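Read the structure below first, then the notes.
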Amino acid sequence: MGGRKLSDIAAALSSAVSGDGDLAITRLVHPADAEGPGDLAIALTDEALGHLATTRAGAVVIPPGKEAPAGSSAIPYRGNERIALAILSALFDPGPAHEAGVHASAVVAPDARLAAGVSVGPNSTIGAGASVGPGSVILANVTIGAGVSLGRDCIIYPGVRIGDRVEIGDRVRIQFNAAIGADGFSFIPVSNPDGSRNGIERPMRTHSLGTVVIGDDVEIGASTAIDRATLRQTRIGRGTKIDNQVQIAHNVVIGENCLICGLAGIAGSAVIGDRVVIASEAGIADHVIIGDGATVAATSGVATNVPAGAVYSGTPAIPHVQSLERYANTARLKSFYPRVEDLKKRVEALEKASEGR
Amino acid sequence: MGGRKLSDIAAALSSAVSGDGDLAITRLVHPADAEGPGDLAIALTDEALGHLATTRAGAVVIPPGKEAPAGSSAIPYRGNERIALAILSALFDPGPAHEAGVHASAVVAPDARLAAGVSVGPNSTIGAGASVGPGSVILANVTIGAGVSLGRDCIIYPGVRIGDRVEIGDRVRIQFNAAIGADGFSFIPVSNPDGSRNGIERPMRTHSLGTVVIGDDVEIGASTAIDRATLRQTRIGRGTKIDNQVQIAHNVVIGENCLICGLAGIAGSAVIGDRVVIASEAGIADHVIIGDGATVAATSGVATNVPAGAVYSGTPAIPHVQSLERYANTARLKSFYPRVEDLKKRVEALEKASEGR
Amino acid sequence: MGGRKLSDIAAALSSAVSGDGDLAITRLVHPADAEGPGDLAIALTDEALGHLATTRAGAVVIPPGKEAPAGSSAIPYRGNERIALAILSALFDPGPAHEAGVHASAVVAPDARLAAGVSVGPNSTIGAGASVGPGSVILANVTIGAGVSLGRDCIIYPGVRIGDRVEIGDRVRIQFNAAIGADGFSFIPVSNPDGSRNGIERPMRTHSLGTVVIGDDVEIGASTAIDRATLRQTRIGRGTKIDNQVQIAHNVVIGENCLICGLAGIAGSAVIGDRVVIASEAGIADHVIIGDGATVAATSGVATNVPAGAVYSGTPAIPHVQSLERYANTARLKSFYPRVEDLKKRVEALEKASEGR
């Protein structure tokens with residue numbers, strides 16, 4: 001709890017200290033919340049800078065040229081504010097509270113293999129033949145199924161469910177109540193939308209014999225569900241980050257370093273490239289293919305493939321530029337209808353004049 | 001189990017009894033479901049009144065002027081049907097079944113402080129330094145993190161997860177599997193939608209050092225997630241009610257007495273006023289500000305600020321009156337295109353006639 | 001583990017074996033994943049057939065006329081590929097791993113009634129007076145409330161919450177973290193969208209005194225929530241299948257053999273017929289009635305009743321044919337505006353000519 005030296009923090013930002021580089025910092029705060037010399041306030045936005053004059057922080061991160069409050073040390077920082085926040089917040093995150101070792105109330109199958117330094121919290125359950133890599137933290141009230149493979153330095157939050165045989169890489173974080181490896185929702189309907197029958201009297205179940213494979217450095221949000229594949233693997237590529245309450249169906253394959261935002265849904269067998277951003281509440285239809293680096297706007301419904309690098313929006317989603325154009329065209333109708341009405345009257349007048357001749 | 005006197009129930013409705021005011025009522029039911037004299041049937045809608053003649057209820061709540069079934073007492077009630085149902089249902093709600101005290105299978109940290117009358121259900125976990133106010137009921141399979149502060153007379157349903165250091169007021173109800181205090185989904189993407197790069201090779205994590213603060217009398221629905229703030233507090237104001245599967249991102253501030261309906265999503269740093277209604281499946285973009293008393297219609301996508309008292313709908317959301325107008329204008333196109341086609345022919349005819357001269 | 005005879009598998013498909021009918025099959029796989037003679041590869045799609053030449057499967061299911069790889073037995077199959085997959089996947093699904101009997105860490109109320117062959121997993125909780133039918137499997141970290149009635153041969157996955165008094169039929173499967181029987185989200189708002197006040201200062205709660213009744217053969221997805229009714233029963237009809245993260249509000253009545261896809265929301269008191277398909281992210285407004293055999297397209301917002309057999313799409317949802325037409329009409333505006341502009345110029349020219357005469 002001695003804190004980090006201000007000069008070390010400045011170094012993490014590739015910046016220098018103006019003032020006391022030996023100052024021990026224990027918290028990163030908004031300038032309005034600072035309480036004393038151990039607090040480092042980050043003030044790189046106009047909103048935060050508005051609190052600079054009255055902050056009680058011992059040190060501040062400020063844009064170059066800004067003056068630090070009297071008596072406070074400063075790290076003048078020239079870069080991107082969001083990147084500074086990412087770097088600094090990582091230095092001061094305590095992570096979730098937990099105790100070392102396996103809690104007495106946890107139920108760990110005799111043949112499960114827990115590496116050195118694994119923590120298993122109260123009332124958690126680890127199934128037969130599961131393995132957990134070194135340094136991973138399984139918090140309270142978690143269920144790890146039989147035959148699950150979980151890598152090293154993972155953090156599994158309370159209430160997470162990991163189904164039998166799911167494979168998870170290293171440094172994966174899974175937030176509260178996420179569910180990995182439920183059965184796919186794969187039913188043949190009694191009849192199709194065109195009214196044709198499928199020759200069955202009730203929905204027919206396709207069982208999910210496959211599994212889910214989660215790459216290294218993936219993060220999965222609270223209450224998100226990722227279903228197992230029918231025969232093969234539902235796959236989430238390395239470095240991809242998934243927000244809360246996202247639904248990822250059976251057989252979906254997602255590439256690396258994607259961002260999938262809250263309440264988005266990706267239907268069965270869709271294939272998502274690398275570095276794709278799918279914004280909140282967007283829906284991707286089954287079997288759709290989305291190219292590398294594409295962006296799908298919030299609330300869009302994607303029913304066709306999206307080329308690499310494209311930005312799509314609307315329902316059904318089309319290139320965003322076209323989407324904006326159509327939207328503007330619709331808004332223009334209000335003033336347009338009267339103009340056509342006017343045109344009609346003028347044509348009638350011309351016709352009358354013409355008849356008169 | 002002696003039940004409530006019919007005259008006391010009538011008083012709660014500011015109404016009188018016609019019949020036996022001493023009748024002991026043990027259940028509030030739909031008239032079709034009544035089984036005997038202890039049942040009070042509420043029949044203030046046409047649908048329910050249709051079952052009045054055949055009800056076996058000992059007493060009925062009916063509009064003034066309606067005749068009670070033979071042998072049944074009645075509370076003639078002049079007010080709003082929904083308000084009557086709210087008042088009466090509160091009188092007969094048994095609440096979730098639970099036992100007094102801390103169950104032997106619960107794991108409560110030695111330094112957690114549980115006030116008098118707190119119930120902790122089987123297989124629940126309470127972290128180090130947490131405190132729970134008098135009369136609160138924590139049901140089975142719950143996780144309360146380290147340093148959590150939970151007020152008095154709260155009801156925490158099975159499967160709820162409350163992260164470290166989250167602060168919750170009095171009389172708060174949190175339904176099954178809700179998650180309060182997961183990390184925010186705050187990642188810098190590799191590249192922006194315009195194709196510009198952020199100078200990083202993989203999404204960069206901003207850690208969530210802040211917390212969540214939930215006011216008094218808030219209710220939170222099943223599987224809803226409320227993420228912790230980056231530096232400060234995600235806040236839910238007093239009296240606000242949140243439905244199931246709502247996603248509330250980091251840094252969001254919601255005012256008092258709002259209603260947020262199912263599957264709605266509120267993105268990072270949005271600010272919602274008091275008495276706002278956000279209907280089902282609506283999405284609010286990040287940093288948007290919604291004024292007091294505004295309403296956002298179901299499935300809308302709000303990308304701009306909404307003034308106080310306004311009703312917005314559509315995606316992107318605009319004032320509802322304009323939204324309806326645009327919708328009507330689009331529907332009108334079908335009959336409009338042929339009329340313009342007709343106009344074109346008439347212009348051509350005029351042109352031909354004009355050339356002929 | 002001796003596997004199934006290939007001839008028995010062929011019989012399940014009403015097909016014959018070409019090759020060794022006595023071959024013991026232990027796994028159903030994609031042809032690319034086959035590892036040896038015990039693997040049966042299903043190759044009825046073009047994609048899978050592309051891997052046929054190199055498969056290491058001992059046997060293959062192929063369209064009639066296709067040639068099996070050298071040394072491999074075959075089941076030539078003439079029917080629907082999806083139906084074959086449904087039939088075969090059912091034969092090889094091991095189901096979730098679990099142990100017989102009640103785990104020592106489970107907390108079962110003394111008066112709960114567990115039939116023969118019931119399995120209750122670690123850290124699960126079963127409330128007072130609950131009953132569980134023969135052969136049902138309750139996995140780890142589940143909560144079954146007081147007075148719940150659960151039928152025979154059900155599978156209840158980890159993290160499922162079933163509220164007090166909920167009734168569930170036979171052969172029901174409920175996936176991870178689903179929540180059945182939370183309180184309905186039923187609040188009278190302070191003011192209505194038209195600005196009129198309801199005479200209250202804060203949202204007023206209607207309590208949920210009713211319950212949820214789930215029919216036989218229903219399936220419920222991960223993180224789905226089904227709320228209890230106000231006075232009567234929220235009902236899910238026999239054979240209906242519900243995907244992940246679906247929200248079903250209080251008083252909703254759903255018929256038999258429906259499919260409700262991921263992230264769909266059904267608001268209070270809606271009535272859904274039999275064999276209805278509600279696609280992903282669709283929203284159904286409160287009190288709406290949807291007829292038998294209707295289909296609601298993905299992301300639609302249904303605000304009015306839908307006739308039996310109809311296909312509706314869009315927001316607000318209209319018949320899909322009209323929806324497509326309106327969409328096309330909007331797209332056409334881009335080329336249409338210049339044509340009207342042209343028409344206007346021609347009218348002006350005619351007017352000028354006319355004036356000149």
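Identifiers in this document derive from the order of the structure tokens: chains are assigned A, B, ..., residues are numbered from 1 separately in each chain, and ligands are numbered from 1 in order of occurrence.
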What lies within 6 Å of region 67-72 of chain B using only C-alpha atoms, ignoring chain neighbours under 6 positions off, as a list in words? Ala53, Gly58 and Ala59 of chain B
How would the residues just picked look written out with all heavy atoms as a tab-separated table (two decimals), in the first residue's frame?
chain	number	residue	atom	x	y	z
B	53	ALA	N	-70.66	-13.03	-12.48
B	53	ALA	CA	-71.88	-13.79	-12.17
B	53	ALA	C	-71.56	-15.17	-11.60
B	53	ALA	O	-72.31	-15.70	-10.77
B	53	ALA	CB	-72.74	-13.91	-13.42
B	58	GLY	N	-65.87	-14.66	-1.89
B	58	GLY	CA	-66.67	-14.18	-0.76
B	58	GLY	C	-66.95	-12.70	-0.84
B	58	GLY	O	-67.92	-12.21	-0.27
B	59	ALA	N	-66.08	-11.98	-1.56
B	59	ALA	CA	-66.25	-10.54	-1.71
B	59	ALA	C	-65.68	-10.10	-3.03
B	59	ALA	O	-64.82	-10.78	-3.60
B	59	ALA	CB	-65.57	-9.80	-0.56
For chain C, work out the contacting residues on chain B at 6 Å, counting only C-alpha atoms, and write them as an MDAnalysis selection string. chainID B and resid 29 86 89:90 93 243 257
Output N, CA and C atoms for every residue in the selection just made, as a JSON list (two decimals), in the first residue's frame.
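Just written: again26.json:
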[["chain", "number", "residue", "atom", "x", "y", "z"],
["B", 29, "VAL", "N", -57.86, -12.37, -5.84],
["B", 29, "VAL", "CA", -57.89, -13.23, -7.03],
["B", 29, "VAL", "C", -58.67, -12.59, -8.18],
["B", 86, "ALA", "N", -52.83, -1.97, -7.60],
["B", 86, "ALA", "CA", -51.55, -1.73, -6.93],
["B", 86, "ALA", "C", -51.72, -1.79, -5.41],
["B", 89, "SER", "N", -52.82, -5.49, -4.30],
["B", 89, "SER", "CA", -51.79, -6.52, -4.49],
["B", 89, "SER", "C", -50.71, -6.38, -3.42],
["B", 90, "ALA", "N", -50.46, -5.14, -2.99],
["B", 90, "ALA", "CA", -49.45, -4.94, -1.94],
["B", 90, "ALA", "C", -49.90, -5.57, -0.62],
["B", 93, "ASP", "N", -49.26, -9.65, -0.96],
["B", 93, "ASP", "CA", -48.01, -10.24, -1.44],
["B", 93, "ASP", "C", -47.26, -10.90, -0.28],
["B", 243, "ASP", "N", -36.53, -2.82, -15.42],
["B", 243, "ASP", "CA", -37.11, -4.11, -15.81],
["B", 243, "ASP", "C", -36.00, -5.16, -16.05],
["B", 257, "ASN", "N", -37.25, 8.11, -9.90],
["B", 257, "ASN", "CA", -38.61, 7.73, -10.30],
["B", 257, "ASN", "C", -38.76, 7.48, -11.80]]
Kindly give the distance, in Å, that separates CA of Gly38 (chain A) and CA of Pro96 (chain A), rounded to a single decimal.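 Computed distance, CA of Gly38 (chain A) to CA of Pro96 (chain A), equals 21.7 Å.
Going from CA of Phe176 (chain B) over to CA of Glu99 (chain A), you cover 26.0 Å.
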Using only C-alpha atoms, which residues sit within 6 Å of Ile42 (chain A) once same-chain residues fewer than 5 positions away are excluded, as number ranges by chain? A: 30, 60-61
Between A:Glu219, A:Asp46, A:Asp20, A:Asp39, which has the minimum distance to Asp8 (chain A) (counting only C-alpha atoms)?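 Among the listed residues, the smallest separation from Asp8 (chain A) belongs to A:Asp20.
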Out of region 92-150 of chain C, which residues get strand (DSSP E) from DSSP, as a PyMOL selection string? chain C and resi 107-108+113-114+119-120+125-126+131-132+137-138+143-144+149-150
Write the residues you've just listed into a file as a PDB file, in the first residue's frame, and include N, CA and C atoms for each of them.
ATOM      1  N   VAL C 107     -28.690 -28.034  -0.768  1.00  0.00           N
ATOM      2  CA  VAL C 107     -29.550 -27.775   0.397  1.00  0.00           C
ATOM      3  C   VAL C 107     -30.988 -28.036  -0.033  1.00  0.00           C
ATOM      4  N   VAL C 108     -31.528 -29.143   0.448  1.00  0.00           N
ATOM      5  CA  VAL C 108     -32.879 -29.550   0.057  1.00  0.00           C
ATOM      6  C   VAL C 108     -33.770 -29.444   1.296  1.00  0.00           C
ATOM      7  N   ARG C 113     -40.103 -32.925  -2.017  1.00  0.00           N
ATOM      8  CA  ARG C 113     -40.328 -34.325  -2.438  1.00  0.00           C
ATOM      9  C   ARG C 113     -39.572 -34.589  -3.732  1.00  0.00           C
ATOM     10  N   LEU C 114     -38.522 -35.377  -3.629  1.00  0.00           N
ATOM     11  CA  LEU C 114     -37.736 -35.743  -4.808  1.00  0.00           C
ATOM     12  C   LEU C 114     -38.079 -37.169  -5.204  1.00  0.00           C
ATOM     13  N   SER C 119     -31.470 -36.220  -9.707  1.00  0.00           N
ATOM     14  CA  SER C 119     -30.113 -35.792  -9.381  1.00  0.00           C
ATOM     15  C   SER C 119     -30.133 -34.323  -9.001  1.00  0.00           C
ATOM     16  N   VAL C 120     -29.505 -33.993  -7.893  1.00  0.00           N
ATOM     17  CA  VAL C 120     -29.371 -32.588  -7.492  1.00  0.00           C
ATOM     18  C   VAL C 120     -27.886 -32.296  -7.335  1.00  0.00           C
ATOM     19  N   THR C 125     -30.065 -25.448  -4.377  1.00  0.00           N
ATOM     20  CA  THR C 125     -30.967 -25.199  -3.263  1.00  0.00           C
ATOM     21  C   THR C 125     -32.389 -25.543  -3.693  1.00  0.00           C
ATOM     22  N   ILE C 126     -33.085 -26.336  -2.898  1.00  0.00           N
ATOM     23  CA  ILE C 126     -34.466 -26.679  -3.218  1.00  0.00           C
ATOM     24  C   ILE C 126     -35.340 -26.292  -2.036  1.00  0.00           C
ATOM     25  N   SER C 131     -41.541 -30.051  -5.337  1.00  0.00           N
ATOM     26  CA  SER C 131     -41.542 -31.463  -5.748  1.00  0.00           C
ATOM     27  C   SER C 131     -40.863 -31.594  -7.096  1.00  0.00           C
ATOM     28  N   VAL C 132     -40.099 -32.666  -7.270  1.00  0.00           N
ATOM     29  CA  VAL C 132     -39.351 -32.910  -8.500  1.00  0.00           C
ATOM     30  C   VAL C 132     -39.679 -34.314  -8.982  1.00  0.00           C
ATOM     31  N   VAL C 137     -32.978 -33.946 -13.716  1.00  0.00           N
ATOM     32  CA  VAL C 137     -31.597 -33.641 -13.355  1.00  0.00           C
ATOM     33  C   VAL C 137     -31.496 -32.155 -13.053  1.00  0.00           C
ATOM     34  N   ILE C 138     -31.160 -31.843 -11.829  1.00  0.00           N
ATOM     35  CA  ILE C 138     -30.927 -30.457 -11.422  1.00  0.00           C
ATOM     36  C   ILE C 138     -29.429 -30.322 -11.243  1.00  0.00           C
ATOM     37  N   THR C 143     -31.301 -22.718  -8.098  1.00  0.00           N
ATOM     38  CA  THR C 143     -32.243 -22.429  -7.004  1.00  0.00           C
ATOM     39  C   THR C 143     -33.660 -22.788  -7.427  1.00  0.00           C
ATOM     40  N   ILE C 144     -34.273 -23.700  -6.684  1.00  0.00           N
ATOM     41  CA  ILE C 144     -35.680 -24.050  -6.896  1.00  0.00           C
ATOM     42  C   ILE C 144     -36.436 -23.511  -5.680  1.00  0.00           C
ATOM     43  N   SER C 149     -43.314 -26.932  -8.505  1.00  0.00           N
ATOM     44  CA  SER C 149     -43.587 -28.272  -8.989  1.00  0.00           C
ATOM     45  C   SER C 149     -42.856 -28.460 -10.304  1.00  0.00           C
ATOM     46  N   LEU C 150     -41.938 -29.407 -10.319  1.00  0.00           N
ATOM     47  CA  LEU C 150     -41.127 -29.686 -11.513  1.00  0.00           C
ATOM     48  C   LEU C 150     -41.416 -31.116 -11.935  1.00  0.00           C
TER      49      LEU C 150
END
Quick one, how far is CA of Lys345 (chain B) from CA of Glu348 (chain A)? 12.4 Å
As a PDB file with C-alpha atoms, in the first residue's frame, please: every residue in region 181-335 of chain A that a backbone DSSP assignment puts in alpha helix (DSSP H).
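Output file part.pdb follows:
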ATOM      1  CA  HIS A 320     -24.041   3.888 -43.830  1.00  0.00           C
ATOM      2  CA  VAL A 321     -23.709   6.624 -46.454  1.00  0.00           C
ATOM      3  CA  GLN A 322     -26.708   5.211 -48.302  1.00  0.00           C
ATOM      4  CA  SER A 323     -28.565   4.811 -45.056  1.00  0.00           C
ATOM      5  CA  LEU A 324     -28.103   8.497 -44.222  1.00  0.00           C
ATOM      6  CA  GLU A 325     -29.160   9.433 -47.760  1.00  0.00           C
ATOM      7  CA  ARG A 326     -32.360   7.424 -47.528  1.00  0.00           C
ATOM      8  CA  TYR A 327     -33.088   8.919 -44.165  1.00  0.00           C
ATOM      9  CA  ALA A 328     -32.635  12.431 -45.562  1.00  0.00           C
ATOM     10  CA  ASN A 329     -34.786  11.547 -48.571  1.00  0.00           C
ATOM     11  CA  THR A 330     -37.601  10.447 -46.291  1.00  0.00           C
ATOM     12  CA  ALA A 331     -37.345  13.580 -44.160  1.00  0.00           C
ATOM     13  CA  ARG A 332     -37.547  15.662 -47.363  1.00  0.00           C
ATOM     14  CA  LEU A 333     -40.922  14.165 -48.298  1.00  0.00           C
ATOM     15  CA  LYS A 334     -42.725  16.556 -45.987  1.00  0.00           C
ATOM     16  CA  SER A 335     -41.789  19.612 -48.055  1.00  0.00           C
TER      17      SER A 335
END
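Nearest-residue note for Thr234 (chain C): choosing from C:Gly255, C:Pro319, C:Gly293, C:Pro158, the minimum distance belongs to C:Gly255, counting only C-alpha atoms.
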What lies within 8 Å of Ala116 (chain C) using only C-alpha atoms, ignoring chain neighbours under 3 positions off, as a PDB file with N, CA, C and O atoms, in the first residue's frame?
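File result13.pdb, as written:
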ATOM      1  N   GLY C 133     -40.090 -34.434 -10.257  1.00  0.00           N
ATOM      2  CA  GLY C 133     -40.515 -35.717 -10.805  1.00  0.00           C
ATOM      3  C   GLY C 133     -39.365 -36.649 -11.139  1.00  0.00           C
ATOM      4  O   GLY C 133     -38.215 -36.221 -11.220  1.00  0.00           O
ATOM      5  N   PRO C 134     -39.692 -37.924 -11.363  1.00  0.00           N
ATOM      6  CA  PRO C 134     -38.665 -38.939 -11.587  1.00  0.00           C
ATOM      7  C   PRO C 134     -37.766 -38.618 -12.770  1.00  0.00           C
ATOM      8  O   PRO C 134     -38.213 -38.169 -13.810  1.00  0.00           O
ATOM      9  N   GLY C 135     -36.493 -38.873 -12.579  1.00  0.00           N
ATOM     10  CA  GLY C 135     -35.547 -38.750 -13.671  1.00  0.00           C
ATOM     11  C   GLY C 135     -35.065 -37.346 -13.942  1.00  0.00           C
ATOM     12  O   GLY C 135     -34.229 -37.142 -14.821  1.00  0.00           O
TER      13      GLY C 135
END
Find the spatial neighbours of Ile155 (chain A), counting only C-alpha atoms, within a cut-off of 7 Å - ignore same-chain residues fewer than 2 positions away - and output them as a list in words.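 Listing them by chain and then by number gives Ser136, Val137, Ile138, Asp153, Tyr157, Val172, Arg173 and Ile174 of chain A.
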